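Next up, input.cif (mmCIF, C-alpha atoms and all ligand atoms):
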```cif
data_entry
loop_
_atom_site.label_atom_id
_atom_site.label_comp_id
_atom_site.auth_asym_id
_atom_site.auth_seq_id
_atom_site.Cartn_x
_atom_site.Cartn_y
_atom_site.Cartn_z
CA MET A 163 -45.53 -0.61 47.69
CA LYS A 164 -47.14 -3.16 45.41
CA LYS A 165 -44.92 -5.55 43.55
CA SER A 166 -45.30 -8.38 41.09
CA ASP A 167 -43.11 -9.98 38.45
CA CYS A 168 -43.96 -7.40 35.88
CA PHE A 169 -44.57 -4.10 37.63
CA SER A 170 -43.79 -2.14 40.76
CA ILE A 171 -44.92 1.16 42.23
CA GLU A 172 -42.59 2.81 44.70
CA GLN A 173 -43.53 5.82 46.75
CA SER A 174 -40.80 7.79 48.44
CA ILE A 175 -39.85 11.19 49.83
CA VAL A 176 -36.85 12.23 47.80
CA HIS A 177 -36.44 15.87 48.77
CA PRO A 178 -37.99 18.16 51.41
CA LEU A 179 -39.46 20.33 48.64
CA ILE A 180 -41.08 17.40 46.83
CA GLN A 181 -44.17 16.24 48.70
CA CYS A 182 -44.32 12.86 47.09
CA SER A 183 -42.83 10.87 44.23
CA PHE A 184 -44.10 7.72 42.58
CA VAL A 185 -41.94 5.61 40.33
CA SER A 186 -43.94 3.26 38.18
CA ARG A 187 -42.05 0.43 36.48
CA THR A 188 -43.51 -2.07 34.06
CA VAL A 189 -41.68 -4.82 32.28
CA LYS A 190 -43.42 -5.89 29.13
CA GLU A 191 -42.24 -8.88 27.20
CA HIS A 192 -41.90 -8.30 23.48
CA SER A 193 -41.94 -11.15 21.08
CA TYR A 194 -42.83 -11.37 17.45
CA GLU A 195 -42.49 -14.16 14.99
CA ILE A 196 -40.90 -14.13 11.56
CA MET A 197 -41.77 -17.03 9.27
CA GLU A 198 -40.71 -17.96 5.80
CA SER A 199 -43.17 -19.71 3.48
CA LEU A 200 -43.16 -19.85 -0.31
CA ASP A 201 -46.28 -19.01 -2.34
CA LEU A 202 -48.12 -17.46 0.59
CA PHE A 203 -51.14 -16.47 -1.49
CA ASP A 204 -51.60 -19.80 -3.20
CA ILE A 205 -54.88 -21.11 -1.80
CA SER A 206 -53.21 -24.48 -1.16
CA ASN A 207 -50.98 -22.74 1.41
CA PRO A 208 -53.02 -22.12 4.61
CA THR A 209 -50.12 -20.43 6.49
CA LEU A 210 -51.52 -16.90 6.48
CA ASN A 211 -55.02 -18.00 7.41
CA ASP A 212 -53.85 -20.41 10.13
CA GLN A 213 -51.16 -18.19 11.63
CA CYS A 214 -52.98 -14.88 11.56
CA PHE A 215 -56.59 -15.87 12.12
CA GLU A 216 -56.09 -18.81 14.50
CA LYS A 217 -57.93 -21.21 12.21
CA LYS A 218 -61.22 -19.45 13.00
CA GLU A 219 -64.05 -20.53 10.73
CA ALA A 220 -66.04 -17.28 10.80
CA GLY A 221 -65.83 -13.66 11.92
CA LYS A 222 -62.40 -13.10 10.38
CA ARG A 223 -61.76 -9.45 9.47
CA CYS A 224 -58.67 -7.52 8.46
CA PHE A 225 -57.59 -4.41 6.61
CA ILE A 226 -55.11 -4.82 3.77
CA VAL A 227 -52.74 -1.99 2.84
CA ILE A 228 -50.87 -2.87 -0.32
CA ASP A 229 -48.21 -1.20 -2.47
CA ASP A 230 -49.76 -0.26 -5.82
CA ASN A 231 -47.05 -2.01 -7.87
CA VAL A 232 -47.54 -5.19 -5.86
CA TYR A 233 -51.30 -4.90 -6.23
CA HIS A 234 -50.95 -4.53 -9.96
CA ILE A 235 -48.99 -7.80 -10.23
CA TYR A 236 -50.42 -9.95 -7.41
CA GLY A 237 -53.72 -8.28 -6.48
CA HIS A 238 -55.91 -10.87 -8.13
CA SER A 239 -54.41 -13.90 -6.36
CA ILE A 240 -54.14 -12.03 -3.05
CA LEU A 241 -57.82 -11.06 -2.99
CA ASN A 242 -58.76 -14.52 -4.18
CA TYR A 243 -56.94 -15.94 -1.15
CA PHE A 244 -58.92 -13.82 1.31
CA LYS A 245 -62.17 -14.78 -0.37
CA PHE A 246 -61.27 -18.48 -0.38
CA TYR A 247 -60.53 -18.44 3.35
CA ASN A 248 -63.64 -16.42 4.12
CA ILE A 249 -61.77 -13.44 5.50
CA GLU A 250 -63.67 -10.15 5.28
CA TYR A 251 -61.31 -7.41 4.19
CA GLY A 252 -61.07 -3.72 3.51
CA ILE A 253 -58.28 -2.61 1.22
CA LYS A 254 -56.21 0.48 0.53
CA VAL A 255 -53.88 0.48 -2.45
CA LEU A 256 -51.11 2.93 -1.67
CA THR A 257 -48.72 4.57 -4.11
CA VAL A 258 -45.53 4.91 -2.12
CA SER A 259 -42.07 6.30 -2.57
CA GLU A 260 -39.50 8.02 -0.41
CA LYS A 261 -41.22 11.29 -1.39
CA THR A 262 -44.60 10.14 -0.09
CA LYS A 263 -43.21 8.43 3.03
CA THR A 264 -44.84 11.23 4.99
CA ILE A 265 -47.41 11.98 7.64
CA ASP A 266 -50.01 12.44 4.88
CA SER A 267 -49.70 8.77 3.96
CA VAL A 268 -50.01 7.78 7.62
CA LEU A 269 -53.19 9.85 7.93
CA ALA A 270 -54.58 8.43 4.69
CA VAL A 271 -54.17 4.88 6.00
CA ALA A 272 -55.52 5.79 9.46
CA ASN A 273 -58.56 7.32 7.79
CA GLU A 274 -59.26 4.05 5.96
CA LEU A 275 -58.89 2.02 9.15
CA ASP A 276 -61.39 4.29 10.80
CA GLN A 277 -63.88 4.00 7.94
CA PHE A 278 -63.56 0.21 8.18
CA ASN A 279 -63.87 0.44 11.97
CA LEU A 280 -61.02 -1.97 12.54
CA SER A 281 -60.97 -3.52 15.99
CA ARG A 282 -57.49 -3.32 17.44
CA ARG A 283 -57.60 -6.60 19.36
CA ASN A 284 -58.42 -9.28 16.83
CA GLU A 285 -58.57 -7.64 13.43
CA PRO A 286 -55.10 -7.05 12.03
CA MET A 287 -53.93 -4.62 9.45
CA ILE A 288 -52.01 -6.58 6.81
CA ALA A 289 -49.23 -4.56 5.16
CA ILE A 290 -48.05 -5.96 1.83
CA GLY A 291 -45.21 -4.14 0.12
CA GLY A 292 -41.65 -2.88 0.36
CA GLY A 293 -39.89 -1.10 3.20
CA VAL A 294 -41.56 2.23 2.54
CA LEU A 295 -45.02 0.70 2.84
CA THR A 296 -44.26 -1.39 5.94
CA ASP A 297 -42.60 1.60 7.67
CA ILE A 298 -45.71 3.74 7.01
CA CYS A 299 -48.11 0.98 8.03
CA SER A 300 -46.34 -0.04 11.22
CA LEU A 301 -46.24 3.59 12.36
CA THR A 302 -49.95 3.97 11.56
CA ALA A 303 -50.72 0.73 13.42
CA ASN A 304 -48.78 1.98 16.43
CA LEU A 305 -50.78 5.22 16.44
CA TYR A 306 -54.19 3.88 15.54
CA ARG A 307 -56.19 3.24 18.72
CA ARG A 308 -52.81 3.45 20.51
CA SER A 309 -51.65 0.17 18.91
CA THR A 310 -53.23 -2.15 16.46
CA GLU A 311 -51.79 -5.42 15.23
CA CYS A 312 -49.94 -5.10 11.93
CA ILE A 313 -48.89 -8.23 10.05
CA LYS A 314 -46.07 -7.43 7.68
CA ILE A 315 -45.64 -9.24 4.37
CA PRO A 316 -42.53 -7.69 2.84
CA THR A 317 -42.32 -7.98 -0.94
CA THR A 318 -38.84 -6.58 -1.55
CA LEU A 319 -35.52 -8.11 -0.56
CA MET A 320 -34.85 -4.99 1.54
CA GLY A 321 -38.09 -5.62 3.42
CA GLN A 322 -37.50 -9.33 3.86
CA ILE A 323 -34.07 -9.10 5.45
CA ASP A 324 -34.22 -5.69 7.10
CA ALA A 325 -37.10 -3.21 6.99
CA ALA A 326 -39.80 -5.62 8.21
CA ILE A 327 -37.54 -7.51 10.62
CA GLY A 328 -37.00 -4.95 13.36
CA VAL A 329 -39.37 -2.81 15.39
CA LYS A 330 -38.56 0.60 13.96
CA THR A 331 -41.33 2.52 12.24
CA GLY A 332 -40.74 5.80 10.48
CA ILE A 333 -41.59 8.51 7.99
CA ASN A 334 -39.55 11.34 6.54
CA PHE A 335 -40.12 14.78 8.02
CA ASN A 336 -38.79 18.27 7.26
CA GLY A 337 -36.48 16.82 4.63
CA ASN A 338 -34.94 14.43 7.17
CA LYS A 339 -34.90 10.67 6.79
CA ASN A 340 -37.17 8.80 9.23
CA ARG A 341 -37.30 11.85 11.53
CA LEU A 342 -40.70 10.84 12.90
CA GLY A 343 -41.06 7.28 14.09
CA THR A 344 -41.50 4.86 16.93
CA TYR A 345 -40.39 1.45 18.12
CA TYR A 346 -43.28 -0.95 17.73
CA SER A 347 -43.32 -4.74 17.51
CA SER A 348 -46.52 -4.92 15.62
CA GLY A 349 -47.19 -8.57 14.82
CA LYS A 350 -46.08 -11.49 12.70
CA VAL A 351 -43.84 -11.11 9.68
CA LEU A 352 -44.43 -13.51 6.79
CA ILE A 353 -41.70 -13.83 4.19
CA ASP A 354 -42.30 -15.19 0.71
CA ARG A 355 -39.29 -15.11 -1.60
CA THR A 356 -41.42 -15.69 -4.70
CA PHE A 357 -42.37 -11.99 -4.56
CA LEU A 358 -38.77 -11.17 -5.52
CA GLN A 359 -39.28 -12.53 -9.05
CA SER A 360 -41.06 -9.38 -10.14
CA LEU A 361 -38.53 -6.92 -8.71
CA GLY A 362 -36.36 -5.05 -11.16
CA ASP A 363 -32.58 -5.63 -10.96
CA ARG A 364 -32.01 -2.32 -9.26
CA ALA A 365 -34.70 -2.87 -6.62
CA PHE A 366 -33.35 -6.37 -5.96
CA ASN A 367 -29.75 -5.15 -5.57
CA ASN A 368 -31.02 -2.49 -3.23
CA GLY A 369 -31.75 -5.29 -0.71
CA LEU A 370 -28.49 -7.09 -1.43
CA SER A 371 -26.62 -4.13 0.01
CA GLU A 372 -28.12 -4.72 3.48
CA ILE A 373 -27.13 -8.40 3.22
CA LEU A 374 -23.60 -7.33 2.34
CA LYS A 375 -23.73 -5.06 5.40
CA MET A 376 -24.33 -8.00 7.76
CA ALA A 377 -21.73 -10.06 5.88
CA LEU A 378 -19.02 -7.42 6.21
CA ILE A 379 -19.66 -6.48 9.78
CA LYS A 380 -20.75 -9.76 11.39
CA GLU A 381 -21.13 -12.88 9.24
CA PRO A 382 -18.09 -14.19 7.30
CA VAL A 383 -20.11 -17.20 6.07
CA LEU A 384 -22.64 -14.83 4.53
CA PHE A 385 -19.81 -13.01 2.79
CA GLU A 386 -18.50 -16.30 1.36
CA LEU A 387 -21.98 -17.24 0.11
CA LEU A 388 -22.35 -13.85 -1.57
CA GLU A 389 -18.95 -14.31 -3.21
CA LYS A 390 -19.95 -17.79 -4.36
CA HIS A 391 -23.22 -16.69 -5.98
CA LYS A 392 -22.38 -13.11 -6.89
CA PHE A 393 -23.02 -13.52 -10.62
CA ALA A 394 -26.21 -15.60 -10.31
CA ILE A 395 -28.01 -14.28 -7.28
CA CYS A 396 -29.68 -11.32 -8.98
CA LYS A 397 -30.69 -13.31 -12.05
CA ASP A 398 -32.06 -16.13 -9.86
CA ARG A 399 -33.91 -13.65 -7.60
CA MET A 400 -32.89 -15.75 -4.58
CA LEU A 401 -34.83 -18.80 -5.78
CA GLY A 402 -33.84 -22.32 -6.78
CA LYS A 403 -30.73 -23.00 -4.68
CA ASN A 404 -30.48 -24.14 -1.06
CA ASP A 405 -27.77 -21.55 -0.46
CA TYR A 406 -30.29 -18.77 -1.14
CA SER A 407 -32.48 -19.99 1.68
CA THR A 408 -29.36 -20.02 3.88
CA ILE A 409 -28.53 -16.47 2.81
CA ILE A 410 -32.00 -15.20 3.75
CA GLN A 411 -32.03 -17.06 7.04
CA LEU A 412 -28.49 -16.01 8.02
CA SER A 413 -29.32 -12.40 7.17
CA ILE A 414 -32.46 -12.43 9.31
CA LYS A 415 -30.83 -14.33 12.18
CA SER A 416 -27.76 -12.12 12.33
CA MET A 417 -29.98 -9.02 12.19
CA LEU A 418 -32.16 -10.32 15.03
CA GLU A 419 -29.08 -11.22 17.11
CA GLU A 420 -28.08 -7.57 16.95
CA LEU A 421 -31.55 -6.07 17.37
CA ALA A 422 -33.12 -8.24 20.08
CA PRO A 423 -30.76 -7.41 22.98
CA ASN A 424 -31.01 -3.72 22.14
CA LEU A 425 -34.56 -3.41 20.81
CA TRP A 426 -35.14 0.10 22.12
CA GLU A 427 -31.63 1.24 21.14
CA LYS A 428 -30.49 2.05 24.67
CA SER A 429 -26.99 1.33 23.47
CA LEU A 430 -26.01 3.56 20.57
CA GLU A 431 -23.13 1.28 19.63
CA ARG A 432 -24.95 -0.70 16.95
CA VAL A 433 -23.06 -2.65 14.30
CA VAL A 434 -26.22 -2.58 12.17
CA ASP A 435 -25.58 1.15 11.80
CA PHE A 436 -22.72 0.24 9.46
CA GLY A 437 -23.54 2.00 6.20
CA HIS A 438 -25.93 4.36 7.99
CA THR A 439 -23.65 7.24 8.97
CA PHE A 440 -23.30 9.17 5.71
CA SER A 441 -26.24 7.58 3.93
CA PRO A 442 -29.25 9.32 5.57
CA VAL A 443 -28.11 12.76 4.39
CA LEU A 444 -26.97 11.43 1.01
CA GLU A 445 -30.26 9.61 0.48
CA MET A 446 -32.38 12.66 1.25
CA LYS A 447 -30.21 14.91 -0.94
CA ALA A 448 -30.48 12.43 -3.80
CA VAL A 449 -34.11 11.54 -3.19
CA GLY A 450 -35.63 10.15 -6.38
CA ASP A 451 -32.17 9.36 -7.70
CA LEU A 452 -30.78 6.92 -5.12
CA TYR A 453 -32.56 4.01 -3.42
CA HIS A 454 -32.07 3.49 0.32
CA GLY A 455 -29.84 0.44 -0.21
CA GLU A 456 -27.77 2.26 -2.82
CA ALA A 457 -27.06 5.09 -0.39
CA VAL A 458 -26.15 2.46 2.23
CA SER A 459 -23.87 0.72 -0.25
CA ILE A 460 -22.02 3.95 -1.04
CA ASP A 461 -21.68 4.69 2.68
CA MET A 462 -20.26 1.18 3.26
CA ALA A 463 -17.75 1.60 0.42
CA TYR A 464 -16.50 4.85 1.97
CA SER A 465 -16.46 3.14 5.36
CA VAL A 466 -14.25 0.26 4.22
CA LEU A 467 -11.85 2.81 2.74
CA LEU A 468 -11.91 4.58 6.10
CA ALA A 469 -11.22 1.30 7.91
CA HIS A 470 -8.17 0.78 5.72
CA GLU A 471 -7.10 4.42 6.05
CA LYS A 472 -7.22 4.06 9.86
CA GLY A 473 -5.16 0.88 9.67
CA VAL A 474 -7.85 -1.40 11.10
CA MET A 475 -8.56 -3.30 7.86
CA SER A 476 -5.92 -5.01 5.68
CA LYS A 477 -5.43 -4.18 2.01
CA GLU A 478 -6.35 -7.77 1.15
CA ASP A 479 -9.74 -7.51 2.93
CA LEU A 480 -10.34 -4.06 1.47
CA ASP A 481 -9.82 -5.38 -2.06
CA ARG A 482 -12.01 -8.41 -1.39
CA ALA A 483 -14.78 -6.15 -0.11
CA LEU A 484 -14.59 -3.61 -2.93
CA ASN A 485 -14.53 -6.37 -5.56
CA LEU A 486 -17.72 -7.83 -4.12
CA PHE A 487 -19.49 -4.45 -4.30
CA VAL A 488 -18.62 -4.25 -7.98
CA ASP A 489 -19.46 -7.88 -8.80
CA LEU A 490 -22.84 -7.62 -7.08
CA GLY A 491 -23.59 -4.48 -9.09
CA LEU A 492 -23.68 -2.23 -6.01
CA PRO A 493 -22.69 1.43 -6.27
CA THR A 494 -19.63 2.72 -4.43
CA ASP A 495 -19.83 6.45 -5.10
CA HIS A 496 -22.11 9.30 -6.11
CA ALA A 497 -21.42 12.78 -7.45
CA LEU A 498 -22.99 14.29 -4.30
CA CYS A 499 -20.37 12.60 -2.08
CA THR A 500 -18.06 15.47 -1.33
CA GLN A 501 -15.96 16.09 1.74
CA ASP A 502 -18.52 18.69 2.91
CA LEU A 503 -21.46 16.29 2.58
CA LEU A 504 -19.71 13.50 4.45
CA ILE A 505 -18.72 15.84 7.27
CA THR A 506 -22.25 17.29 7.52
CA ALA A 507 -23.66 13.76 7.59
CA LEU A 508 -21.19 12.62 10.24
CA ASP A 509 -22.09 15.63 12.42
CA ASP A 510 -25.80 14.94 11.97
CA THR A 511 -25.34 11.29 12.86
CA CYS A 512 -23.36 12.31 15.96
CA THR A 513 -26.40 14.28 17.15
CA HIS A 514 -28.51 11.17 16.56
CA ARG A 515 -25.96 9.07 18.52
CA ALA A 516 -25.97 11.37 21.58
CA GLY A 517 -22.83 13.28 20.59
CA LYS A 518 -20.62 10.28 19.79
CA GLN A 519 -19.51 9.04 16.40
CA ASN A 520 -19.93 5.34 17.29
CA PHE A 521 -18.84 4.63 13.73
CA PRO A 522 -18.94 0.89 12.97
CA LEU A 523 -15.86 -0.15 11.00
CA PRO A 524 -15.01 -3.64 9.72
CA VAL A 525 -11.74 -5.01 11.08
CA THR A 526 -11.65 -8.13 8.96
CA ILE A 527 -14.44 -9.61 6.87
CA GLY A 528 -17.17 -10.41 9.40
CA LYS A 529 -15.70 -8.60 12.42
CA SER A 530 -16.08 -5.00 13.47
CA THR A 531 -15.12 -2.28 15.91
CA PHE A 532 -16.39 1.22 16.72
CA SER A 533 -14.44 4.38 16.04
CA ASN A 534 -14.92 7.72 17.77
CA ASP A 535 -11.95 9.63 16.43
CA ILE A 536 -12.64 10.12 12.75
CA THR A 537 -11.08 13.38 11.60
CA HIS A 538 -11.95 15.76 8.76
CA ASP A 539 -8.53 15.02 7.35
CA GLU A 540 -9.33 11.30 7.13
CA ILE A 541 -12.61 12.10 5.41
CA ALA A 542 -10.79 14.30 2.89
CA LYS A 543 -8.41 11.41 2.19
CA ILE A 544 -11.14 8.82 1.59
CA VAL A 545 -13.07 11.18 -0.69
CA HIS A 546 -9.92 11.76 -2.73
CA ARG A 547 -9.16 8.04 -2.79
CA MET A 548 -12.71 7.08 -3.77
CA LYS A 549 -12.80 9.56 -6.65
CA SER A 550 -9.57 8.17 -8.12
CA LEU A 551 -10.63 4.58 -7.43
CA HIS A 552 -13.94 5.25 -9.11
CA VAL A 553 -12.20 6.48 -12.22
CA GLU A 554 -10.17 3.24 -12.21
CA LEU A 555 -13.28 1.09 -11.75
CA VAL A 556 -15.19 2.80 -14.57
N1 LIG B 1 -37.80 0.05 9.64
C1 LIG B 1 -36.56 -0.33 9.42
O1 LIG B 1 -35.87 -0.83 10.32
C2 LIG B 1 -35.98 -0.18 8.05
C3 LIG B 1 -34.79 -0.86 7.70
C4 LIG B 1 -34.31 -0.73 6.40
C5 LIG B 1 -34.96 0.06 5.48
N2 LIG B 1 -36.10 0.72 5.86
C6 LIG B 1 -36.80 1.59 4.92
O2 LIG B 1 -37.19 0.82 3.79
C7 LIG B 1 -37.34 1.70 2.69
C8 LIG B 1 -36.79 1.06 1.45
O3 LIG B 1 -37.53 -0.11 1.21
P1 LIG B 1 -37.52 -0.85 -0.20
O4 LIG B 1 -36.14 -0.93 -0.67
O5 LIG B 1 -38.30 -2.08 -0.05
O6 LIG B 1 -38.21 0.22 -1.16
P2 LIG B 1 -39.73 0.46 -1.59
O7 LIG B 1 -40.66 0.10 -0.53
O8 LIG B 1 -39.77 1.85 -2.11
O9 LIG B 1 -39.91 -0.55 -2.82
C9 LIG B 1 -39.14 -0.37 -3.98
C10 LIG B 1 -40.01 -0.41 -5.24
O10 LIG B 1 -40.39 -1.76 -5.49
C11 LIG B 1 -41.82 -1.85 -5.70
N3 LIG B 1 -42.17 -3.19 -5.28
C12 LIG B 1 -42.30 -3.66 -4.03
N4 LIG B 1 -42.45 -4.99 -4.04
C13 LIG B 1 -42.42 -5.37 -5.33
C14 LIG B 1 -42.50 -6.62 -5.98
N5 LIG B 1 -42.59 -7.77 -5.32
N6 LIG B 1 -42.46 -6.64 -7.34
C15 LIG B 1 -42.31 -5.50 -8.03
N7 LIG B 1 -42.19 -4.28 -7.47
C16 LIG B 1 -42.24 -4.23 -6.13
C17 LIG B 1 -42.37 -0.70 -4.92
O11 LIG B 1 -43.60 -0.28 -5.44
C18 LIG B 1 -41.30 0.36 -5.14
O12 LIG B 1 -41.51 1.02 -6.35
C19 LIG B 1 -36.65 3.00 3.05
O13 LIG B 1 -37.59 4.01 3.27
C20 LIG B 1 -35.93 2.67 4.35
O14 LIG B 1 -35.83 3.78 5.21
C21 LIG B 1 -36.62 0.61 7.10
#
```
Please go through the file and, once you have read it, give me the structure as structure tokens.
Amino acid sequence: MKKSDCFSIEQSIVHPLIQCSFVSRTVKEHSYEIMESLDLFDISNPTLNDQCFEKKEAGKRCFIVIDDNVYHIYGHSILNYFKFYNIEYGIKVLTVSEKTKTIDSVLAVANELDQFNLSRRNEPMIAIGGGVLTDICSLTANLYRRSTECIKIPTTLMGQIDAAIGVKTGINFNGNKNRLGTYYSSGKVLIDRTFLQSLGDRAFNNGLSEILKMALIKEPVLFELLEKHKFAICKDRMLGKNDYSTIIQLSIKSMLEELAPNLWEKSLERVVDFGHTFSPVLEMKAVGDLYHGEAVSIDMAYSVLLAHEKGVMSKEDLDRALNLFVDLGLPTDHALCTQDLLITALDDTCTHRAGKQNFPLPVTIGKSTFSNDITHDEIAKIVHRMKSLHVELV
């Protein structure tokens, strides 16, 4: 037997019919850094150059994969930055959507990396775009030469507080959301809130729903900040007030607190799955019609109704929560949300959660529990209640 701090090999005879057995164990530390810096691609800001190219003077190479909408708006200043800092780059402008979040896009990016002959050790891929683009790129980086560094620069609110923060990569497959994917901590994440200025209202709100998720399930202070700024936050695009910086930082910190101890999802009791029980099936059924965050928002609205129906959440908290959905401009229902769809989605999620519902439910604002005894009857009741509530709200 050979042993060190980080690996061990044990040889043993475990059964008369098994001649030998080796168990190889390796412990690999995983760390990645998330930094926030405004105006990342202003040449007076050396953060990207210094952090990602170790202040090297020469021999800096990278491959940029950029969302086409982002390229259209920021391409000029981004490329200017690389030229100014003497960084040789290849570039692929990718048109992405939930429909093209597929293996074809992964192969298209891998093909470009190969043409550029990217070295996996010291030449990063730099992914600039929303959650769809960073999910595609981090999966490609994980596959390319068995793992290549991928620096993520998320340009949507969804990306900045969620999609680029964890280690999950993924693409849609066979009509199923994120059915192919890996866990890969690919490299640094650089967050620049100024990108949010060019997002449309709907795309911005899409990210707000994941902030509301953390607020409802874990962070009462975040909930209070959202309540305080609910009518200005979208218009301000998260810029110009100290509270906005706090909102971003609290969202990231609370997300990391949940992800880090369970990075490989050994435990399937994950509060961050709040809003992700019904939504994967709903999102794929309504693909092209609903954004990811909108499907999550609708799922969360049904979930708070369920929490109240099960007697774990008070009427006062339920009303406070539902009012915030409405005031933030987040959807609470969709025509496709029928009893059948919610039951199908719950069953599908159970398969994903090793046969258990593990349904995160808010108890009060900022505190949660898990439920494993949700019945079809309760689902019927919340569907009925939501449809009548929706009529009242409209
Ligand atoms: N890996 C994870 O842990 C994780 C977590 C949450 C969400 N996701 C994934 O993220 C995806 C959703 O991400 P998203 O909401 O960022 O959507 P998205 O990537 O589709 O971006 C939304 C739209 O905004 C455009 N865009 C991006 N940045 C822009 C900018 N600065 N200005 C103007 N337009 C811009 C894009 O071109 C796109 O049309 C989903 O596929 C979801 O599964 C992954």
### Task
Show me which residues sit within 6 Å of ligand LIG 1 (chain B) when counting only C-alpha atoms and all ligand atoms, and put them as a PyMOL selection string.
chain A and resi 229+231-232+259-260+291-295+297+317-318+320-321+324-325+328+330-331+357-358+360-361+365+368+454
Centre and edge lengths, as JSON, for the axis-aligned box enclosing every listed atom of range 176-193 of chain A with 5 Å of padding on each of the six sides, in Å to one decimal?
```
{"center_x": -40.4, "center_y": 4.6, "center_z": 36.2, "size_x": 17.9, "size_y": 41.5, "size_z": 40.3}
```
### Task
May I have the protein, DNA and RNA residues with an atom at most 8 Å from (-61.0, -13.8, 5.6), counting only C-alpha atoms in the file's coordinates, returned as a count of residues only?
13
### Query
Using only C-alpha atoms, which residues sit within 12 Å of Glu540 in chain A once same-chain residues fewer than 6 positions away are excluded, as a VMD selection string?
chain A and resid 464 to 465 467 to 473 501 504 to 505 546 to 547
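Taking CA of Phe169 in chain A and CA of Thr310 in chain A as the two end points, the separation is 23.0 Å.
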### Summary
Of A:Pro522, A:Gly332, A:Pro493, A:Gly450, the one sitting nearest Met548 in chain A when using only C-alpha atoms is A:Pro493
### Nearby residues (only C-alpha atoms) at most 10 Å from Leu430 in chain A, same-chain spacing under 6 positions excluded, as number ranges by chain
A: 424, 514-516, 518-521
